[in-house]
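The file structure.pdb contains PDB, C-alpha atoms and all ligand atoms:
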ATOM      1  CA  MET A   1      80.525  97.158  91.713
ATOM      2  CA  GLU A   2      82.652  94.981  94.012
ATOM      3  CA  LYS A   3      80.987  93.830  97.234
ATOM      4  CA  ALA A   4      82.454  93.111 100.653
ATOM      5  CA  ILE A   5      81.270  91.685 103.940
ATOM      6  CA  VAL A   6      83.170  92.990 106.969
ATOM      7  CA  THR A   7      82.386  91.498 110.377
ATOM      8  CA  GLY A   8      83.195  93.732 113.332
ATOM      9  CA  ALA A   9      82.539  96.807 111.168
ATOM     10  CA  SER A  10      80.916  98.583 114.118
ATOM     11  CA  SER A  11      84.222  99.225 115.891
ATOM     12  CA  GLY A  12      88.021  99.441 115.750
ATOM     13  CA  ILE A  13      89.879  97.501 113.051
ATOM     14  CA  GLY A  14      86.743  96.316 111.230
ATOM     15  CA  ALA A  15      85.355  99.876 111.051
ATOM     16  CA  ALA A  16      88.673 101.156 109.647
ATOM     17  CA  ILE A  17      88.729  98.370 107.030
ATOM     18  CA  ALA A  18      85.103  99.068 106.079
ATOM     19  CA  ALA A  19      85.925 102.777 105.629
ATOM     20  CA  ALA A  20      88.941 101.941 103.449
ATOM     21  CA  LEU A  21      86.907  99.545 101.258
ATOM     22  CA  LEU A  22      84.193 102.210 100.831
ATOM     23  CA  GLY A  23      86.999 104.596  99.832
ATOM     24  CA  ARG A  24      87.811 102.193  96.969
ATOM     25  CA  GLY A  25      84.202 102.438  95.781
ATOM     26  CA  MET A  26      83.149  99.031  97.100
ATOM     27  CA  GLU A  27      79.701  98.292  98.526
ATOM     28  CA  VAL A  28      80.191  97.113 102.122
ATOM     29  CA  TYR A  29      77.892  94.969 104.264
ATOM     30  CA  GLY A  30      79.151  95.553 107.796
ATOM     31  CA  ILE A  31      78.174  93.086 110.500
ATOM     32  CA  GLY A  32      78.050  94.015 114.187
ATOM     33  CA  ARG A  33      75.666  94.453 117.072
ATOM     34  CA  ASP A  34      75.762  98.198 117.721
ATOM     35  CA  PHE A  35      76.525 100.736 114.965
ATOM     36  CA  ARG A  36      75.619 103.873 116.970
ATOM     37  CA  LYS A  37      79.323 104.731 117.302
ATOM     38  CA  GLN A  38      79.906 104.713 113.525
ATOM     39  CA  GLU A  39      78.104 107.851 112.323
ATOM     40  CA  GLU A  40      80.476 108.443 109.382
ATOM     41  CA  LEU A  41      80.109 104.905 108.020
ATOM     42  CA  MET A  42      76.330 105.033 108.429
ATOM     43  CA  LYS A  43      76.135 108.187 106.288
ATOM     44  CA  ASN A  44      77.737 106.429 103.307
ATOM     45  CA  PRO A  45      75.059 105.121 100.908
ATOM     46  CA  LEU A  46      77.342 102.205  99.953
ATOM     47  CA  PHE A  47      77.479 101.002 103.576
ATOM     48  CA  HIS A  48      74.843  98.600 104.891
ATOM     49  CA  ALA A  49      74.798  98.068 108.654
ATOM     50  CA  VAL A  50      73.712  94.505 109.369
ATOM     51  CA  VAL A  51      72.920  93.658 112.977
ATOM     52  CA  CYS A  52      73.734  90.059 113.858
ATOM     53  CA  ASP A  53      75.001  88.354 116.977
ATOM     54  CA  LEU A  54      77.798  86.141 115.667
ATOM     55  CA  ARG A  55      77.545  83.841 118.696
ATOM     56  CA  LYS A  56      74.313  82.404 117.244
ATOM     57  CA  HIS A  57      75.147  80.175 114.305
ATOM     58  CA  SER A  58      71.589  80.059 112.938
ATOM     59  CA  ASP A  59      71.510  83.910 112.884
ATOM     60  CA  VAL A  60      74.903  83.925 111.128
ATOM     61  CA  GLU A  61      73.646  81.538 108.469
ATOM     62  CA  ARG A  62      70.404  83.493 107.900
ATOM     63  CA  THR A  63      72.230  86.862 107.773
ATOM     64  CA  ILE A  64      74.787  85.724 105.210
ATOM     65  CA  CYS A  65      72.109  84.079 103.042
ATOM     66  CA  ASP A  66      70.044  87.326 103.155
ATOM     67  CA  ILE A  67      73.085  89.405 102.124
ATOM     68  CA  ARG A  68      73.899  86.919  99.373
ATOM     69  CA  LYS A  69      70.297  87.157  98.091
ATOM     70  CA  SER A  70      70.211  90.957  97.946
ATOM     71  CA  ALA A  71      73.863  91.628  96.984
ATOM     72  CA  GLY A  72      74.675  88.685  94.723
ATOM     73  CA  PRO A  73      78.159  87.132  94.882
ATOM     74  CA  VAL A  74      80.527  88.690  97.428
ATOM     75  CA  ASP A  75      84.090  89.522  96.332
ATOM     76  CA  VAL A  76      85.757  90.190  99.693
ATOM     77  CA  LEU A  77      85.108  88.772 103.168
ATOM     78  CA  VAL A  78      86.882  90.322 106.143
ATOM     79  CA  ASN A  79      86.531  88.408 109.413
ATOM     80  CA  SER A  80      87.395  91.105 111.956
ATOM     81  CA  ALA A  81      84.815  90.604 114.715
ATOM     82  CA  GLY A  82      86.465  89.254 117.817
ATOM     83  CA  ALA A  83      85.957  88.739 121.537
ATOM     84  CA  GLY A  84      88.759  88.600 124.084
ATOM     85  CA  TYR A  85      88.792  87.655 127.768
ATOM     86  CA  PHE A  86      92.039  87.514 129.668
ATOM     87  CA  GLY A  87      93.194  86.213 133.046
ATOM     88  CA  PRO A  88      94.148  82.894 134.668
ATOM     89  CA  HIS A  89      92.334  80.201 132.698
ATOM     90  CA  GLU A  90      90.322  78.949 135.709
ATOM     91  CA  GLN A  91      88.721  82.421 135.859
ATOM     92  CA  ILE A  92      87.502  82.310 132.253
ATOM     93  CA  SER A  93      83.873  81.147 132.523
ATOM     94  CA  PRO A  94      82.271  78.672 130.101
ATOM     95  CA  SER A  95      80.143  81.488 128.615
ATOM     96  CA  LYS A  96      83.260  83.605 127.906
ATOM     97  CA  ILE A  97      84.927  80.603 126.284
ATOM     98  CA  HIS A  98      81.778  80.109 124.194
ATOM     99  CA  ASP A  99      81.842  83.811 123.153
ATOM    100  CA  MET A 100      85.450  83.594 121.995
ATOM    101  CA  VAL A 101      85.098  80.277 120.177
ATOM    102  CA  SER A 102      81.840  81.228 118.438
ATOM    103  CA  VAL A 103      82.860  84.754 117.349
ATOM    104  CA  ASN A 104      86.590  84.254 116.700
ATOM    105  CA  ILE A 105      86.599  80.923 114.868
ATOM    106  CA  GLU A 106      83.140  79.357 114.401
ATOM    107  CA  ALA A 107      81.572  82.384 112.655
ATOM    108  CA  PRO A 108      84.520  82.898 110.246
ATOM    109  CA  MET A 109      84.380  79.200 109.270
ATOM    110  CA  ILE A 110      80.601  79.303 108.739
ATOM    111  CA  ILE A 111      80.651  82.560 106.741
ATOM    112  CA  ALA A 112      83.566  81.460 104.548
ATOM    113  CA  GLY A 113      81.776  78.166 103.887
ATOM    114  CA  LEU A 114      78.604  79.946 102.779
ATOM    115  CA  LEU A 115      80.483  82.256 100.379
ATOM    116  CA  LEU A 116      82.991  79.801  98.979
ATOM    117  CA  ARG A 117      80.946  78.308  96.132
ATOM    118  CA  ASP A 118      80.542  81.784  94.584
ATOM    119  CA  MET A 119      84.175  82.644  95.260
ATOM    120  CA  LYS A 120      85.361  79.439  93.577
ATOM    121  CA  LYS A 121      83.384  80.444  90.477
ATOM    122  CA  ASN A 122      84.222  84.151  90.392
ATOM    123  CA  GLY A 123      87.379  84.502  92.471
ATOM    124  CA  GLY A 124      87.356  86.136  95.894
ATOM    125  CA  PHE A 125      89.431  87.299  98.830
ATOM    126  CA  ILE A 126      89.019  86.160 102.449
ATOM    127  CA  ILE A 127      90.899  88.177 105.058
ATOM    128  CA  ASN A 128      91.088  86.971 108.651
ATOM    129  CA  ILE A 129      92.077  89.398 111.381
ATOM    130  CA  SER A 130      93.958  86.937 113.550
ATOM    131  CA  SER A 131      96.567  88.117 116.079
ATOM    132  CA  VAL A 132     100.228  87.803 117.018
ATOM    133  CA  THR A 133      98.866  85.565 119.794
ATOM    134  CA  ALA A 134      98.193  82.904 117.133
ATOM    135  CA  LYS A 135     101.913  82.276 116.838
ATOM    136  CA  LYS A 136     103.039  82.066 120.452
ATOM    137  CA  SER A 137     102.252  80.874 123.941
ATOM    138  CA  ASN A 138      99.765  83.170 125.740
ATOM    139  CA  THR A 139      99.796  83.158 129.519
ATOM    140  CA  TYR A 140      96.555  84.806 130.741
ATOM    141  CA  GLY A 141      95.136  84.444 127.250
ATOM    142  CA  CYS A 142      95.215  80.657 126.735
ATOM    143  CA  ALA A 143      91.708  80.358 125.293
ATOM    144  CA  TYR A 144      91.827  83.605 123.278
ATOM    145  CA  GLY A 145      95.208  82.651 121.769
ATOM    146  CA  ALA A 146      93.887  79.182 120.933
ATOM    147  CA  THR A 147      90.969  80.669 118.951
ATOM    148  CA  LYS A 148      93.393  82.874 117.009
ATOM    149  CA  ALA A 149      95.761  79.953 116.319
ATOM    150  CA  ALA A 150      92.723  78.046 115.014
ATOM    151  CA  LEU A 151      91.720  80.972 112.785
ATOM    152  CA  THR A 152      95.224  81.196 111.310
ATOM    153  CA  SER A 153      95.314  77.430 110.752
ATOM    154  CA  PHE A 154      91.896  77.568 109.068
ATOM    155  CA  GLY A 155      92.999  80.398 106.761
ATOM    156  CA  GLU A 156      96.212  78.615 105.744
ATOM    157  CA  SER A 157      94.410  75.364 104.931
ATOM    158  CA  LEU A 158      91.584  77.147 103.133
ATOM    159  CA  PHE A 159      94.060  78.904 100.866
ATOM    160  CA  ASP A 160      95.741  75.609  99.959
ATOM    161  CA  GLU A 161      92.327  74.027  99.316
ATOM    162  CA  ALA A 162      90.842  76.842  97.202
ATOM    163  CA  ARG A 163      93.823  78.591  95.572
ATOM    164  CA  LYS A 164      93.434  76.699  92.299
ATOM    165  CA  TYR A 165      89.969  78.251  91.910
ATOM    166  CA  GLY A 166      91.302  81.810  92.217
ATOM    167  CA  VAL A 167      90.397  82.228  95.904
ATOM    168  CA  LYS A 168      92.887  84.243  97.970
ATOM    169  CA  VAL A 169      93.173  84.004 101.757
ATOM    170  CA  LEU A 170      95.175  86.376 103.948
ATOM    171  CA  ASN A 171      95.756  86.059 107.694
ATOM    172  CA  ILE A 172      96.738  89.353 109.335
ATOM    173  CA  HIS A 173      98.439  89.130 112.722
ATOM    174  CA  PRO A 174      98.274  92.494 114.476
ATOM    175  CA  ASP A 175     100.013  93.236 117.779
ATOM    176  CA  MET A 176      98.531  95.748 120.295
ATOM    177  CA  THR A 177      96.173  98.042 118.382
ATOM    178  CA  GLU A 178      94.263 100.994 119.796
ATOM    179  CA  SER A 179      90.552 100.078 120.038
ATOM    180  CA  ALA A 180      87.887  99.107 122.546
ATOM    181  CA  PHE A 181      89.084  95.492 122.403
ATOM    182  CA  TYR A 182      90.613  95.390 125.906
ATOM    183  CA  ARG A 183      87.410  96.645 127.599
ATOM    184  CA  ASN A 184      87.211  93.413 129.646
ATOM    185  CA  ALA A 185      90.925  93.207 130.491
ATOM    186  CA  ASP A 186      93.020  94.775 133.243
ATOM    187  CA  PHE A 187      95.390  96.126 130.577
ATOM    188  CA  SER A 188      95.126  97.950 127.264
ATOM    189  CA  SER A 189      97.356  99.313 124.537
ATOM    190  CA  CYS A 190      99.731 102.172 125.414
ATOM    191  CA  GLU A 191      99.122 105.702 124.190
ATOM    192  CA  GLU A 192     102.654 106.357 122.867
ATOM    193  CA  GLU A 193     102.870 106.254 119.079
ATOM    194  CA  ASP A 194     105.643 103.662 118.901
ATOM    195  CA  LEU A 195     103.974 101.343 121.452
ATOM    196  CA  ARG A 196     100.699 100.743 119.641
ATOM    197  CA  LEU A 197      99.214 100.362 116.165
ATOM    198  CA  LEU A 198      96.196 102.201 114.807
ATOM    199  CA  PRO A 199      93.202 100.409 113.183
ATOM    200  CA  GLU A 200      93.872 102.436 110.006
ATOM    201  CA  GLU A 201      97.316 100.789 109.762
ATOM    202  CA  ILE A 202      95.700  97.342 109.669
ATOM    203  CA  ALA A 203      93.346  98.670 106.985
ATOM    204  CA  GLN A 204      96.417  99.816 105.001
ATOM    205  CA  CYS A 205      97.678  96.204 105.047
ATOM    206  CA  VAL A 206      94.346  95.009 103.649
ATOM    207  CA  MET A 207      94.478  97.610 100.867
ATOM    208  CA  ALA A 208      98.058  96.631  99.967
ATOM    209  CA  ALA A 209      97.036  92.961  99.721
ATOM    210  CA  LEU A 210      94.039  93.818  97.515
ATOM    211  CA  ASP A 211      96.357  95.809  95.214
ATOM    212  CA  MET A 212      98.545  92.786  94.375
ATOM    213  CA  ARG A 213      98.252  91.585  90.772
ATOM    214  CA  ALA A 214      95.740  88.777  90.153
ATOM    215  CA  GLY A 215      98.370  86.018  90.016
ATOM    216  CA  ALA A 216     100.095  86.893  93.308
ATOM    217  CA  VAL A 217      98.762  86.489  96.853
ATOM    218  CA  VAL A 218      99.924  87.873 100.193
ATOM    219  CA  THR A 219      98.937  85.108 102.632
ATOM    220  CA  ASP A 220     100.368  86.318 105.933
ATOM    221  CA  ILE A 221     101.071  89.737 107.410
ATOM    222  CA  THR A 222     102.357  90.411 110.933
ATOM    223  CA  VAL A 223     102.290  94.024 112.120
ATOM    224  CA  LYS A 224     103.894  95.234 115.340
ATOM    225  CA  PRO A 225     104.534  98.614 116.922
ATOM    226  CA  GLN A 226     108.185  99.593 116.929
ATOM    227  CA  ARG A 227     108.458  98.969 120.703
ATOM    228  CA  HIS A 228     106.594  96.468 122.915
ATOM    229  CA  GLY A 229     104.490  97.600 125.855
ATOM    230  CA  ILE A 230     101.091  97.293 127.520
ATOM    231  CA  ARG A 231      99.327  99.739 129.835
ATOM    232  CA  ARG A 232      98.043  98.413 133.170
ATOM    233  CA  LYS A 233      94.625  99.839 134.059
TER     234      LYS A 233
HETATM  235  N1  LIG B   1      93.076  95.556 119.344
HETATM  236  C1  LIG B   1      94.112  94.742 119.366
HETATM  237  O1  LIG B   1      95.134  94.995 120.038
HETATM  238  C2  LIG B   1      94.097  93.478 118.527
HETATM  239  C3  LIG B   1      95.310  92.807 118.348
HETATM  240  C4  LIG B   1      95.316  91.632 117.589
HETATM  241  C5  LIG B   1      94.147  91.181 117.019
HETATM  242  N2  LIG B   1      92.981  91.852 117.230
HETATM  243  C6  LIG B   1      91.774  91.314 116.594
HETATM  244  O2  LIG B   1      91.221  92.325 115.795
HETATM  245  C7  LIG B   1      89.817  92.092 115.638
HETATM  246  C8  LIG B   1      89.087  93.401 115.799
HETATM  247  O3  LIG B   1      89.265  93.862 117.132
HETATM  248  P1  LIG B   1      89.282  95.414 117.474
HETATM  249  O4  LIG B   1      90.606  95.734 118.040
HETATM  250  O5  LIG B   1      88.759  96.174 116.335
HETATM  251  O6  LIG B   1      88.249  95.400 118.720
HETATM  252  P2  LIG B   1      86.830  96.113 118.919
HETATM  253  O7  LIG B   1      86.955  97.572 118.659
HETATM  254  O8  LIG B   1      86.383  95.641 120.271
HETATM  255  O9  LIG B   1      85.918  95.475 117.775
HETATM  256  C9  LIG B   1      85.397  94.166 117.895
HETATM  257  C10 LIG B   1      84.278  94.010 116.894
HETATM  258  O10 LIG B   1      83.753  92.686 116.990
HETATM  259  C11 LIG B   1      82.346  92.766 117.045
HETATM  260  N3  LIG B   1      81.777  91.667 117.821
HETATM  261  C12 LIG B   1      82.219  91.162 118.993
HETATM  262  N4  LIG B   1      81.383  90.207 119.433
HETATM  263  C13 LIG B   1      80.381  90.133 118.517
HETATM  264  C14 LIG B   1      79.202  89.345 118.408
HETATM  265  N5  LIG B   1      78.855  88.444 119.340
HETATM  266  N6  LIG B   1      78.400  89.528 117.328
HETATM  267  C15 LIG B   1      78.716  90.443 116.373
HETATM  268  N7  LIG B   1      79.804  91.223 116.437
HETATM  269  C16 LIG B   1      80.629  91.063 117.499
HETATM  270  C17 LIG B   1      82.036  94.078 117.749
HETATM  271  O11 LIG B   1      80.724  94.483 117.443
HETATM  272  P3  LIG B   1      79.804  95.314 118.504
HETATM  273  O12 LIG B   1      80.725  96.334 119.137
HETATM  274  O13 LIG B   1      78.767  95.949 117.630
HETATM  275  O14 LIG B   1      79.310  94.313 119.469
HETATM  276  C18 LIG B   1      83.113  94.972 117.133
HETATM  277  O15 LIG B   1      82.665  95.490 115.908
HETATM  278  C19 LIG B   1      89.447  91.030 116.657
HETATM  279  O16 LIG B   1      89.260  89.791 115.994
HETATM  280  C20 LIG B   1      90.666  90.941 117.568
HETATM  281  O17 LIG B   1      90.846  89.649 118.077
HETATM  282  C21 LIG B   1      92.923  92.996 117.959
END
Translate this file's structure into structure tokens.
Ligand SMILES: NC(=O)c1ccc[n+]([C@@H]2O[C@H](COP(=O)([O-])OP(=O)(O)OC[C@H]3O[C@@H](n4cnc5c(N)ncnc54)[C@H](OP(=O)(O)O)[C@@H]3O)[C@@H](O)[C@H]2O)c1
Amino acid sequence: MEKAIVTGASSGIGAAIAAALLGRGMEVYGIGRDFRKQEELMKNPLFHAVVCDLRKHSDVERTICDIRKSAGPVDVLVNSAGAGYFGPHEQISPSKIHDMVSVNIEAPMIIAGLLLRDMKKNGGFIINISSVTAKKSNTYGCAYGATKAALTSFGESLFDEARKYGVKVLNIHPDMTESAFYRNADFSSCEEEDLRLLPEEIAQCVMAALDMRAGAVVTDITVKPQRHGIRRK
């Protein structure tokens, strides 16, 4: 049975991707801090809820090694966990910067590093949930956008480094998607259907990439709602 690790599986995009992978019959190790809001996922015997604070690199290392020991080699890694704080940069405290850097870029680099030896032997797929912010200037999101640009850069380089061993890497760049992500911001996604994406639509992109034949790789997907808009709180 194929095995996946999905960070951020306790909410939003990561939860939708975990559900879609379970739907394909995969065993999923979901990483998050609070799974109480994911009753459906928790009922699935192929889903393992793994509590880990991704800001703590020693906990990340121990958690991935424990999963590796009990599951064996992992076929798919989805880095979806993310933290976002927005506003003028002088208002973004050092601890918020640390949250974003550790969750959005440090943890994906550490986890990929720990799984890569197996993936180079057996093949594997690493999927980073980056953001459209990775590709543009981000006023009021300078630090967040920088972590996403770093994640995209990491994914691109990792693919070039590991492609000859059968490792695939995909960076997905979603625009405004309905989730709890903007809980700390003074804006959120709009409610109108053509002004926001749904987490399930990002999961559809992951499934399409997994369905490519072995010798072909989708490395970059950008998904946007038909129209642009944000909702002020
Ligand atoms: N929503 C959007 O508009 C949008 C657009 C572009 C890109 N993205 C990216 O999409 C990804 C998923 O976001 P989302 O929209 O699904 O938001 P979300 O619903 O807020 O989910 C974020 C996930 O990250 C996990 N997480 C955050 N900090 C963590 C930590 N310290 N340790 C462990 N887990 C942690 C959360 O776990 P707990 O809840 O259990 O703490 C949660 O499962 C993020 O990387 C985000 O940057 C989102």
Notebook entry, point to check: If we count all atoms listed in the file, what is near Glu61 in chain A at a cut-off of 12 Å, once residues fewer than 6 positions away on the same chain are taken out, given as a list in words?
Noted result: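 Near Glu61 in chain A, the qualifying residues are Cys52, Asp53, Leu54, Arg55, Ile67, Arg68, Glu106, Ala107, Pro108, Met109, Ile110, Ile111, Ala112, Gly113, Leu114 and Leu115 of chain A.
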Print the selection's residues with C-alpha atoms to a file, as a PDB file, keeping the file's coordinate frame.
ATOM      1  CA  CYS A  52      73.734  90.059 113.858  1.00  0.00           C
ATOM      2  CA  ASP A  53      75.001  88.354 116.977  1.00  0.00           C
ATOM      3  CA  LEU A  54      77.798  86.141 115.667  1.00  0.00           C
ATOM      4  CA  ARG A  55      77.545  83.841 118.696  1.00  0.00           C
ATOM      5  CA  ILE A  67      73.085  89.405 102.124  1.00  0.00           C
ATOM      6  CA  ARG A  68      73.899  86.919  99.373  1.00  0.00           C
ATOM      7  CA  GLU A 106      83.140  79.357 114.401  1.00  0.00           C
ATOM      8  CA  ALA A 107      81.572  82.384 112.655  1.00  0.00           C
ATOM      9  CA  PRO A 108      84.520  82.898 110.246  1.00  0.00           C
ATOM     10  CA  MET A 109      84.380  79.200 109.270  1.00  0.00           C
ATOM     11  CA  ILE A 110      80.601  79.303 108.739  1.00  0.00           C
ATOM     12  CA  ILE A 111      80.651  82.560 106.741  1.00  0.00           C
ATOM     13  CA  ALA A 112      83.566  81.460 104.548  1.00  0.00           C
ATOM     14  CA  GLY A 113      81.776  78.166 103.887  1.00  0.00           C
ATOM     15  CA  LEU A 114      78.604  79.946 102.779  1.00  0.00           C
ATOM     16  CA  LEU A 115      80.483  82.256 100.379  1.00  0.00           C
TER      17      LEU A 115
END
Notebook entry, point to check: Which chains and residue numbers are within 6 Å of ligand LIG 1 (chain B), counting all atoms listed in the file, if I want them as a ChimeraX atom specification?
Noted result: /A:8-14,32-35,52-55,80-83,103,129-131,174-181
Check: For Ala203 in chain A, which of A:Ile126, A:Met42, A:Val78, A:Ala134 is the closest residue, counting all atoms listed in the file?
Finding: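 Ranked by minimum distance to Ala203 in chain A, first place goes to A:Val78.
Of the residues listed (A:Leu170, A:Ser70, A:Glu40, A:Glu191), A:Leu170 shows the shortest atom-to-atom separation from Ala209 in chain A; distances use all atoms listed in the file.
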If you take every atom of range 215-222 of chain A that the file lists and fit an axis-aligned box around them with 5 Å extra on each side, what centre and edge lengths come out in Å to one decimal, as JSON?
{"center_x": 100.4, "center_y": 87.8, "center_z": 100.5, "size_x": 14.0, "size_y": 15.3, "size_z": 30.9}
Margin query: Residues proximal to (92.4, 82.5, 133.7) were defined as those with any atom within 9 Å of that point in the file's coordinates, counting only C-alpha atoms. Which are they, as a ChimeraX atom specification?
Written below: /A:85-93,139-143
Checklist line | Residue IDs satisfying the PyMOL selection byres (((chain A and resi 22) around 10) and not hetatm), as a ChimeraX atom specification | finding: /A:3-4,16-21,23-28,41,44-47
Could the residues in this selection be written to a file with C-alpha atoms, as a PDB file, keeping the file's coordinate frame?
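Everything below was put into out_25.pdb:
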ATOM      1  CA  LYS A   3      80.987  93.830  97.234  1.00  0.00           C
ATOM      2  CA  ALA A   4      82.454  93.111 100.653  1.00  0.00           C
ATOM      3  CA  ALA A  16      88.673 101.156 109.647  1.00  0.00           C
ATOM      4  CA  ILE A  17      88.729  98.370 107.030  1.00  0.00           C
ATOM      5  CA  ALA A  18      85.103  99.068 106.079  1.00  0.00           C
ATOM      6  CA  ALA A  19      85.925 102.777 105.629  1.00  0.00           C
ATOM      7  CA  ALA A  20      88.941 101.941 103.449  1.00  0.00           C
ATOM      8  CA  LEU A  21      86.907  99.545 101.258  1.00  0.00           C
ATOM      9  CA  GLY A  23      86.999 104.596  99.832  1.00  0.00           C
ATOM     10  CA  ARG A  24      87.811 102.193  96.969  1.00  0.00           C
ATOM     11  CA  GLY A  25      84.202 102.438  95.781  1.00  0.00           C
ATOM     12  CA  MET A  26      83.149  99.031  97.100  1.00  0.00           C
ATOM     13  CA  GLU A  27      79.701  98.292  98.526  1.00  0.00           C
ATOM     14  CA  VAL A  28      80.191  97.113 102.122  1.00  0.00           C
ATOM     15  CA  LEU A  41      80.109 104.905 108.020  1.00  0.00           C
ATOM     16  CA  ASN A  44      77.737 106.429 103.307  1.00  0.00           C
ATOM     17  CA  PRO A  45      75.059 105.121 100.908  1.00  0.00           C
ATOM     18  CA  LEU A  46      77.342 102.205  99.953  1.00  0.00           C
ATOM     19  CA  PHE A  47      77.479 101.002 103.576  1.00  0.00           C
TER      20      PHE A  47
END
Margin query: List as a ChimeraX atom specification the protein and nucleic acid residues near Asp194 in chain A, meaning an atom at most 9 Å away when all atoms listed in the file are counted, but skip any in the same chain fewer than 6 places from it.
Written below: /A:225-228
Item checked: Pick from A:Cys190, A:Glu39, A:Pro199, A:Asp211, whichever lies nearest to Arg232 in chain A using all atoms listed in the file ->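 Closest residue, counting all atoms listed in the file: A:Cys190.
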Checklist line | Selected residue, from A:Val169, A:Met212, A:Ala146, A:Gly229, that lies nearest to Leu197 in chain A when counting all atoms listed in the file | finding: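 For Leu197 in chain A, the nearest of the candidates is A:Gly229.
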Note to self: List the spatial neighbours of Tyr29 in chain A as a PyMOL selection string - criterion: any atom at most 7 Å away, all atoms listed in the file, same-chain residues fewer than 5 positions off excluded.
What the structure shows: chain A and resi 4-6+47-50
Check: Pick the closest to Val223 in chain A from A:His98, A:Lys43, A:Arg163, A:Arg196: which is it, counting only C-alpha atoms?
Finding: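 Nearest candidate to Val223 in chain A out of A:His98, A:Lys43, A:Arg163, A:Arg196: A:Arg196.
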Notebook entry, point to check: So how many Å separate CA of Ile172 in chain A and CA of Lys148 in chain A, to one decimal?
Noted result: 10.6 Å
